[in-house]
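Novice: Enclosed is the structure file coords_21.txt (compact mmCIF, C-alpha atoms).
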```txt
# COMPACT_ATOMS: atom_id res chain seq x y z
CA MET A 1 193.75 112.31 55.62
CA SER A 2 192.97 109.93 52.76
CA ILE A 3 190.30 107.28 53.30
CA GLU A 4 191.35 103.73 52.48
CA ARG A 5 189.11 102.37 49.75
CA PRO A 6 187.54 98.94 50.21
CA PRO A 7 188.65 95.96 48.14
CA LEU A 8 187.33 95.98 44.60
CA GLU A 9 184.28 93.78 44.05
CA VAL A 10 183.76 92.21 40.63
CA TRP A 11 180.37 90.66 39.94
CA SER A 12 179.06 88.61 37.04
CA THR A 13 175.53 89.24 35.77
CA SER A 14 173.19 86.33 35.05
CA PHE A 15 169.54 85.28 34.75
CA SER A 16 167.10 83.66 37.15
CA VAL A 17 166.74 79.93 36.48
CA PRO A 18 167.36 78.24 39.86
CA ARG A 19 169.32 75.07 39.01
CA TRP A 20 171.04 76.51 35.94
CA THR A 21 171.99 79.73 37.74
CA ALA A 22 173.25 77.73 40.73
CA ARG A 23 175.60 75.88 38.36
CA GLN A 24 176.66 79.22 36.92
CA GLY A 25 177.30 80.44 40.46
CA VAL A 26 179.71 77.58 41.11
CA ILE A 27 181.61 78.42 37.91
CA VAL A 28 181.65 82.15 38.66
CA GLU A 29 182.95 81.53 42.18
CA GLU A 30 185.70 79.25 40.86
CA LEU A 31 186.68 81.92 38.31
CA GLY A 32 187.28 84.37 41.14
CA PHE A 33 184.27 86.69 40.93
CA ASP A 34 182.89 88.16 44.16
CA GLY A 35 179.19 88.00 43.34
CA ILE A 36 176.50 87.15 40.85
CA THR A 37 173.27 88.97 40.02
CA VAL A 38 170.03 87.30 38.96
CA SER A 39 167.19 88.84 36.96
CA ASP A 40 163.89 89.86 38.55
CA SER A 41 161.23 89.98 35.85
CA GLN A 42 158.39 87.64 36.72
CA ASN A 43 157.11 87.16 33.16
CA LEU A 44 160.57 86.51 31.71
CA SER A 45 162.38 84.55 34.42
CA SER A 46 161.75 82.64 37.63
CA ASP A 47 161.62 84.08 41.13
CA PRO A 48 164.95 85.76 42.01
CA TYR A 49 164.92 84.92 45.69
CA VAL A 50 164.42 81.20 45.02
CA THR A 51 167.32 81.42 42.58
CA MET A 52 169.49 83.40 45.01
CA MET A 53 168.89 80.73 47.66
CA ALA A 54 169.86 78.00 45.20
CA VAL A 55 173.06 79.85 44.29
CA ALA A 56 173.92 80.47 47.94
CA ALA A 57 173.42 76.78 48.76
CA ALA A 58 175.77 75.73 45.94
CA THR A 59 178.56 78.20 46.78
CA SER A 60 180.53 79.27 49.82
CA THR A 61 181.83 82.81 49.27
CA LEU A 62 179.82 84.22 46.36
CA LYS A 63 177.50 87.16 47.05
CA VAL A 64 174.05 87.16 45.46
CA ALA A 65 171.67 89.95 44.47
CA PRO A 66 168.65 90.61 42.28
CA SER A 67 169.49 92.80 39.30
CA VAL A 68 167.24 94.46 39.87
CA THR A 69 164.04 94.28 41.86
CA ASN A 70 161.51 97.11 41.81
CA PRO A 71 159.26 99.03 44.24
CA VAL A 72 155.92 97.90 42.81
CA THR A 73 155.53 94.13 42.52
CA ARG A 74 156.25 93.43 46.21
CA ASP A 75 155.36 95.25 49.42
CA PRO A 76 158.49 96.66 51.13
CA ALA A 77 158.01 94.18 53.97
CA VAL A 78 157.87 91.27 51.52
CA THR A 79 161.05 92.39 49.75
CA ALA A 80 162.85 92.87 53.07
CA CYS A 81 161.68 89.47 54.30
CA ALA A 82 162.81 87.72 51.12
CA VAL A 83 166.29 89.21 50.96
CA ALA A 84 166.81 88.87 54.73
CA SER A 85 165.92 85.18 54.41
CA VAL A 86 168.67 84.77 51.81
CA GLN A 87 171.00 86.71 54.10
CA ALA A 88 170.31 84.32 56.96
CA GLU A 89 170.71 81.13 54.93
CA SER A 90 173.81 82.36 53.07
CA LYS A 91 175.42 83.57 56.31
CA GLY A 92 175.64 87.19 55.20
CA ARG A 93 176.12 87.03 51.42
CA ALA A 94 172.91 88.74 50.24
CA VAL A 95 172.66 92.17 48.65
CA LEU A 96 169.48 93.93 47.55
CA GLY A 97 169.75 95.47 44.10
CA ILE A 98 166.80 97.72 43.29
CA GLY A 99 165.68 100.19 40.64
CA ARG A 100 162.47 101.93 39.58
CA GLY A 101 161.35 98.92 37.53
CA ASP A 102 161.40 98.15 33.83
CA SER A 103 160.50 94.86 32.13
CA ALA A 104 158.84 93.45 35.27
CA LEU A 105 156.40 96.37 35.25
CA ALA A 106 156.04 96.59 31.46
CA HIS A 107 154.71 93.02 31.44
CA LEU A 108 152.03 94.15 33.89
CA GLY A 109 151.11 97.10 31.70
CA LEU A 110 152.89 99.56 33.98
CA ALA A 111 155.61 102.20 33.63
CA PRO A 112 158.51 102.57 36.13
CA ALA A 113 157.67 103.88 39.59
CA SER A 114 157.97 107.60 40.22
CA VAL A 115 161.16 108.83 41.87
CA ARG A 116 159.16 109.87 44.94
CA HIS A 117 157.64 106.39 45.31
CA PHE A 118 161.04 104.81 44.71
CA GLU A 119 162.69 106.85 47.47
CA ASP A 120 159.86 106.21 49.93
CA TYR A 121 160.09 102.47 49.18
CA LEU A 122 163.84 102.56 49.77
CA ARG A 123 163.34 104.20 53.16
CA ARG A 124 160.78 101.61 54.22
CA VAL A 125 162.92 98.66 53.10
CA GLN A 126 165.92 100.15 54.89
CA GLY A 127 163.80 100.48 58.04
CA TYR A 128 162.73 96.84 57.91
CA LEU A 129 166.26 95.58 57.26
CA SER A 130 167.56 97.67 60.17
CA GLY A 131 164.97 96.19 62.54
CA ALA A 132 163.20 99.52 63.01
CA GLU A 133 159.47 100.14 63.42
CA VAL A 134 158.04 101.11 60.05
CA PRO A 135 154.79 103.11 60.10
CA PHE A 136 151.82 101.48 58.40
CA GLU A 137 151.24 102.51 54.81
CA ARG A 138 147.70 101.35 54.19
CA ALA A 139 146.37 103.71 51.54
CA SER A 140 146.77 101.42 48.52
CA HIS A 141 145.31 98.43 50.38
CA LEU A 142 142.33 100.41 51.63
CA HIS A 143 141.74 101.60 48.09
CA ALA A 144 141.61 97.95 47.03
CA GLY A 145 138.87 97.26 49.57
CA VAL A 146 141.00 95.79 52.38
CA ARG A 147 139.84 97.01 55.80
CA GLU A 148 142.00 98.33 58.65
CA VAL A 149 142.95 95.85 61.37
CA GLU A 150 141.14 98.05 63.93
CA THR A 151 137.83 96.98 62.44
CA LEU A 152 138.36 93.47 63.85
CA GLY A 153 137.88 94.55 67.47
CA LEU A 154 141.04 92.79 68.68
CA VAL A 155 142.18 93.18 72.29
CA ASN A 156 145.65 94.02 70.98
CA ALA A 157 147.19 94.44 67.52
CA PRO A 158 150.38 95.80 65.94
CA THR A 159 150.59 99.58 65.78
CA ALA A 160 153.56 99.58 63.41
CA SER A 161 155.32 97.06 61.19
CA VAL A 162 158.53 95.40 62.45
CA MET A 163 160.58 92.56 60.97
CA SER A 164 161.21 91.05 64.39
CA TRP A 165 162.77 87.78 63.25
CA ILE A 166 165.81 89.24 61.40
CA ARG A 167 169.06 87.86 62.77
CA THR A 168 171.09 90.50 64.59
CA ASP A 169 174.31 88.46 64.48
CA LEU A 170 174.59 89.13 60.74
CA ALA A 171 175.32 92.43 59.04
CA LYS A 172 172.36 94.35 57.65
CA VAL A 173 171.68 93.53 54.00
CA PRO A 174 173.26 96.29 51.86
CA VAL A 175 170.80 98.08 49.57
CA TYR A 176 172.30 99.18 46.25
CA ALA A 177 170.09 101.26 43.96
CA THR A 178 170.58 101.22 40.20
CA ALA A 179 170.54 104.76 38.79
CA SER A 180 171.05 106.58 35.50
CA GLY A 181 169.42 110.01 35.71
CA PRO A 182 170.07 112.88 38.13
CA LYS A 183 166.83 112.59 40.14
CA VAL A 184 167.25 108.88 40.78
CA ILE A 185 170.92 109.35 41.63
CA ASP A 186 169.93 112.01 44.17
CA ALA A 187 167.24 109.79 45.73
CA ALA A 188 169.55 106.80 45.91
CA ALA A 189 172.35 108.86 47.48
CA ARG A 190 169.98 109.99 50.23
CA THR A 191 168.52 106.60 51.10
CA ALA A 192 170.57 103.64 49.82
CA ASP A 193 173.85 102.14 51.03
CA GLY A 194 175.29 102.29 47.55
CA ILE A 195 174.59 103.02 43.90
CA ASN A 196 175.20 100.91 40.81
CA PHE A 197 175.39 103.37 37.94
CA ALA A 198 174.00 102.42 34.53
CA VAL A 199 175.47 105.33 32.59
CA GLY A 200 177.91 103.62 30.25
CA VAL A 201 181.70 103.72 30.34
CA ASP A 202 182.51 107.25 29.14
CA PRO A 203 184.77 108.54 31.96
CA THR A 204 183.27 112.03 31.72
CA ARG A 205 179.77 110.73 32.29
CA VAL A 206 180.81 108.32 35.03
CA LYS A 207 182.56 111.16 36.86
CA TRP A 208 179.44 113.30 36.51
CA ALA A 209 177.33 110.54 38.10
CA ILE A 210 179.76 110.02 40.98
CA ASP A 211 180.05 113.75 41.68
CA ARG A 212 176.25 114.08 41.58
CA ALA A 213 175.82 111.24 44.07
CA ARG A 214 178.41 112.60 46.47
CA SER A 215 176.87 116.08 46.39
CA ALA A 216 173.40 114.69 47.09
CA ARG A 217 174.73 112.56 49.93
CA LEU A 218 176.44 115.55 51.49
CA ALA A 219 173.36 117.76 51.08
CA ALA A 220 171.35 115.14 52.99
CA GLY A 221 173.74 115.49 55.93
CA LEU A 222 175.44 112.15 55.26
CA ASP A 223 179.10 111.33 54.72
CA PRO A 224 179.77 110.75 50.99
CA ALA A 225 182.50 108.29 51.95
CA THR A 226 179.80 105.95 53.31
CA LEU A 227 178.15 105.62 49.89
CA SER A 228 179.43 102.59 47.97
CA MET A 229 179.87 103.24 44.23
CA GLY A 230 179.43 100.57 41.58
CA MET A 231 178.68 100.44 37.87
CA TYR A 232 177.44 98.09 35.20
CA VAL A 233 180.13 97.36 32.63
CA SER A 234 179.49 95.48 29.39
CA VAL A 235 182.78 93.84 28.37
CA VAL A 236 183.60 91.65 25.37
CA PRO A 237 187.33 90.76 25.26
CA GLU A 238 187.33 90.16 21.52
CA ILE A 239 189.94 91.51 19.09
CA ASP A 240 187.35 91.69 16.31
CA GLN A 241 185.57 94.79 17.60
CA SER A 242 182.88 94.66 14.92
CA LYS A 243 181.91 91.21 16.16
CA ALA A 244 182.13 92.33 19.78
CA ARG A 245 179.92 95.37 19.20
CA LYS A 246 177.24 93.22 17.57
CA LEU A 247 177.29 90.74 20.46
CA ILE A 248 176.91 93.42 23.12
CA SER A 249 174.50 95.72 21.23
CA GLY A 250 171.36 94.36 22.93
CA ASP A 251 172.93 94.91 26.33
CA VAL A 252 173.94 98.45 25.39
CA ALA A 253 170.53 99.40 23.96
CA SER A 254 168.67 98.25 27.06
CA PHE A 255 171.04 99.91 29.54
CA ALA A 256 171.11 103.11 27.48
CA ARG A 257 167.30 103.23 27.40
CA PHE A 258 167.31 103.93 31.14
CA SER A 259 168.70 107.38 30.23
CA VAL A 260 165.79 108.14 27.88
CA MET A 261 163.01 106.17 29.58
CA HIS A 262 160.36 108.87 29.20
CA GLY A 263 161.44 110.24 25.83
CA GLU A 264 163.95 112.87 26.92
CA ALA A 265 167.63 112.12 27.44
CA VAL A 266 168.78 112.77 31.01
CA GLY A 267 172.21 113.26 32.51
CA ASN A 268 175.46 114.46 31.04
CA VAL A 269 175.28 113.29 27.40
CA SER A 270 176.60 114.71 24.13
CA GLU A 271 174.35 115.93 21.31
CA GLU A 272 175.23 112.89 19.19
CA SER A 273 174.44 110.56 22.10
CA LYS A 274 171.10 112.34 22.57
CA ARG A 275 170.26 111.60 18.95
CA VAL A 276 170.99 107.89 19.36
CA LEU A 277 169.10 107.80 22.66
CA GLN A 278 166.07 109.29 20.94
CA ASP A 279 166.36 106.58 18.26
CA ILE A 280 166.49 103.92 20.99
CA HIS A 281 163.39 105.36 22.61
CA SER A 282 161.42 105.56 19.36
CA THR A 283 162.26 101.97 18.29
CA TYR A 284 162.26 100.14 21.64
CA ASP A 285 160.54 96.76 21.59
CA MET A 286 160.14 95.41 25.14
CA ASN A 287 159.50 91.94 23.72
CA ASP A 288 163.14 92.00 22.55
CA HIS A 289 164.49 93.41 25.82
CA PHE A 290 168.30 93.01 26.00
CA ARG A 291 168.50 91.12 22.67
CA ASP A 292 171.11 91.92 20.01
CA THR A 293 168.52 91.16 17.32
CA SER A 294 166.17 93.89 18.58
CA PRO A 295 165.16 97.03 16.63
CA GLN A 296 166.77 99.20 19.33
CA ALA A 297 170.10 97.39 18.93
CA ARG A 298 170.11 98.11 15.21
CA VAL A 299 170.00 101.91 15.65
CA LEU A 300 173.26 102.03 17.63
CA THR A 301 176.39 103.57 16.13
CA ASP A 302 179.88 102.23 16.78
CA ASP A 303 180.79 105.36 18.75
CA PHE A 304 177.69 105.04 20.90
CA ILE A 305 178.39 101.38 21.66
CA ASP A 306 181.95 102.33 22.62
CA SER A 307 180.56 104.86 25.10
CA TYR A 308 178.54 102.12 26.83
CA ALA A 309 180.67 98.97 26.39
CA ILE A 310 184.31 97.94 26.49
CA THR A 311 185.57 95.75 23.65
CA GLY A 312 188.92 94.72 22.17
CA ASP A 313 191.86 92.66 23.33
CA PRO A 314 192.07 91.94 27.10
CA ARG A 315 194.87 94.47 27.70
CA ARG A 316 192.80 97.25 26.15
CA CYS A 317 189.77 96.23 28.22
CA LEU A 318 191.85 96.20 31.41
CA ASP A 319 193.22 99.68 30.75
CA GLN A 320 189.75 101.11 30.15
CA ILE A 321 188.29 99.59 33.29
CA ALA A 322 191.32 100.70 35.32
CA GLU A 323 190.69 104.30 34.26
CA LEU A 324 187.11 104.08 35.51
CA LEU A 325 188.21 102.68 38.86
CA THR A 326 190.38 105.75 39.49
CA LEU A 327 187.21 107.87 39.53
CA GLY A 328 186.01 106.24 42.74
CA ILE A 329 184.31 103.02 41.61
CA ASP A 330 184.43 100.19 44.15
CA ARG A 331 182.33 97.59 42.36
CA ILE A 332 181.76 96.54 38.76
CA LEU A 333 178.98 94.28 37.49
CA VAL A 334 180.23 92.62 34.33
CA SER A 335 178.16 91.41 31.40
CA THR A 336 179.89 89.63 28.50
CA SER A 337 176.96 89.34 26.08
CA ALA A 338 173.33 90.23 25.41
CA ARG A 339 170.29 88.08 26.19
CA GLY A 340 169.82 85.40 23.56
CA SER A 341 173.49 85.30 22.53
CA ASP A 342 175.38 82.05 22.11
CA ARG A 343 175.86 80.83 25.69
CA ALA A 344 179.09 78.97 24.93
CA LEU A 345 180.61 82.10 23.44
CA THR A 346 179.43 84.16 26.39
CA ASP A 347 181.04 81.66 28.77
CA ASP A 348 184.28 81.83 26.79
CA TYR A 349 184.43 85.62 27.10
CA ARG A 350 183.68 85.40 30.81
CA THR A 351 186.54 82.93 31.21
CA VAL A 352 188.90 85.23 29.28
CA PHE A 353 187.82 88.12 31.50
CA ALA A 354 188.53 86.08 34.64
CA ALA A 355 191.92 84.85 33.40
CA GLU A 356 193.33 87.94 31.66
CA ILE A 357 191.53 90.99 33.08
CA LEU A 358 190.40 90.18 36.62
CA PRO A 359 193.91 89.57 38.06
CA GLY A 360 195.05 92.96 36.77
CA LEU A 361 192.07 94.64 38.40
CA ARG A 362 192.88 92.95 41.70
CA ASP A 363 196.45 94.22 41.50
CA LEU A 364 195.21 97.80 41.24
CA ARG A 365 193.78 97.64 44.77
CA ARG A 366 196.62 95.82 46.46
CA PRO A 367 198.64 97.98 48.91
```
Represent the structure contained in this file as structure tokens.
Specialist:
Amino acid sequence: MSIERPPLEVWSTSFSVPRWTARQGVIVEELGFDGITVSDSQNLSSDPYVTMMAVAAATSTLKVAPSVTNPVTRDPAVTACAVASVQAESKGRAVLGIGRGDSALAHLGLAPASVRHFEDYLRRVQGYLSGAEVPFERASHLHAGVREVETLGLVNAPTASVMSWIRTDLAKVPVYATASGPKVIDAAARTADGINFAVGVDPTRVKWAIDRARSARLAAGLDPATLSMGMYVSVVPEIDQSKARKLISGDVASFARFSVMHGEAVGNVSEESKRVLQDIHSTYDMNDHFRDTSPQARVLTDDFIDSYAITGDPRRCLDQIAELLTLGIDRILVSTSARGSDRALTDDYRTVFAAEILPGLRDLRRP
């Protein structure tokens, strides 16, 4: 028996600047998108949960999510509390997007969290959002000189951590992990509600990632059909592909770096792609994160950009995205430019996407 796939969700990616992003949210909702993501990088943008609340207040149907938070800068209870607060005030439109951490941690002098820490953090956040008792995890606090509550001599005190205030009349906040490499895909498949792949747009590689996630889900004793599959898609509907590639190169370089974060390319990549990934790793300037003027953007080849981004006339873009959806993708998160690009031009491409590509994508999922 075939399982009916859920309606396709199409999200627009954005940055975290509360009033500005709220205005963007209104536009995105009017254009027909299902959700908007906001950045979480405390040294580069404002607090994502404040921005998510502002967006939710200005819109009525649009979903909101951080893209993406990390398992280091906030305790799991704090993250769960923040996103559950947005869930309550938006009447069920919050999503938690989370990864191992990148620019947020780099600006604190830190590397991404280990896969083990990431998976443990996911489990704890899931416990909080489900209203379960979460065992204390006090080791890091004790190491910092904070004493155990038992030292206070209280008559009674919590013996576990519970988010008791979470509204039970609303659905649990979905947790979608961003993943590129095999170990993170496996961890996310075991513990998250869904995965947003950052592996580019090469159908062979996207299929590899989906198959890997389903296998890991099944091995954990869970139904693969319950794992929601999404992907980041950089799209520039521009006939002049040379111009489009330049505009999206910063986006591509930063997303591709996730596959070579520690100096060795991971996942199902060709030898030529490995070479470019190594060049990205050796030239990466975090101060130019996601910028098309960055050193890492300049080492990209046309073929490599085409394996991570979709460019060309709207019909061509639609056909490429449609092929990816047949692999089992239920959600796409669309970026139409790199950080620092001309905002008016970015807005124009987003409008073209909404007018000439989005309706065709909707038609693909209609019975």
Novice: Interatomic distance between CA of Ser41 (chain A) and CA of Ser140 (chain A)?
Specialist: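 Answer for the CA of Ser41 (chain A) to CA of Ser140 (chain A) separation: 22.4 Å.
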Novice: Neighbouring residues of Ala219 (chain A) were defined as those with any atom within 12 Å, considering all atoms listed in the file; residues of the same chain fewer than 3 positions away were excluded. Please report them as a PyMOL selection string.
Specialist: chain A and resi 186-187+189-190+212-216+222-224
Novice: Hey, what's within 12 Å of Thr301 (chain A) if we count all atoms listed in the file and toss same-chain stuff fewer than 6 positions away? As a list in words, please?
Specialist: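 Surrounding residues, per the criterion: Ser242, Arg245, Lys246, Ser249, Val252, Ala253, Glu272, Ser273, Arg275, Val276, Leu277, Asp279, Ile280, Ser307 and Tyr308 of chain A.
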Novice: Suppose you want the space between CA of Arg74 (chain A) and CA of Val38 (chain A); what is it in Å?
Specialist: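 Calculated distance between CA of Arg74 (chain A) and CA of Val38 (chain A) is 16.7 Å.
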Novice: Using all atoms listed in the file, find the one residue out of A:Thr226, A:Thr283, A:Gln24, A:Thr51 that sits nearest to Val83 (chain A).
Specialist: A:Thr51
Novice: With a distance cut-off of 7 Å and only C-alpha atoms, select the neighbouring residues of region 205-209 of chain A, excluding the residue or stretch itself and same-chain residues fewer than 5 positions from it, and output the selection as a PDB file with C-alpha atoms, in the coordinates of the input.
Specialist:
```pdb
ATOM      1  CA  VAL A 199     175.470 105.330  32.590  1.00  0.00           C
ATOM      2  CA  ASN A 268     175.460 114.460  31.040  1.00  0.00           C
ATOM      3  CA  LEU A 327     187.210 107.870  39.530  1.00  0.00           C
TER       4      LEU A 327
END
```
Novice: Just how far from CA of Ser254 (chain A) is CA of Phe15 (chain A), in Å to one decimal?
Specialist: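 CA of Ser254 (chain A) lies 15.1 Å from CA of Phe15 (chain A).
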Novice: Near Ile166 (chain A), within 12 Å and counting all atoms listed in the file, which residues show up once chain neighbours fewer than 6 positions away are dropped, as a ChimeraX atom specification?
Specialist: /A:77,80-89,92,127-132,172-173
Novice: From the set A:Phe304, A:Tyr232, A:Phe118, A:Tyr49, which residue has the shortest atom-to-atom contact distance to Val334 (chain A), counting only C-alpha atoms?
Specialist: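 So, comparing all the options, the nearest one is A:Tyr232.
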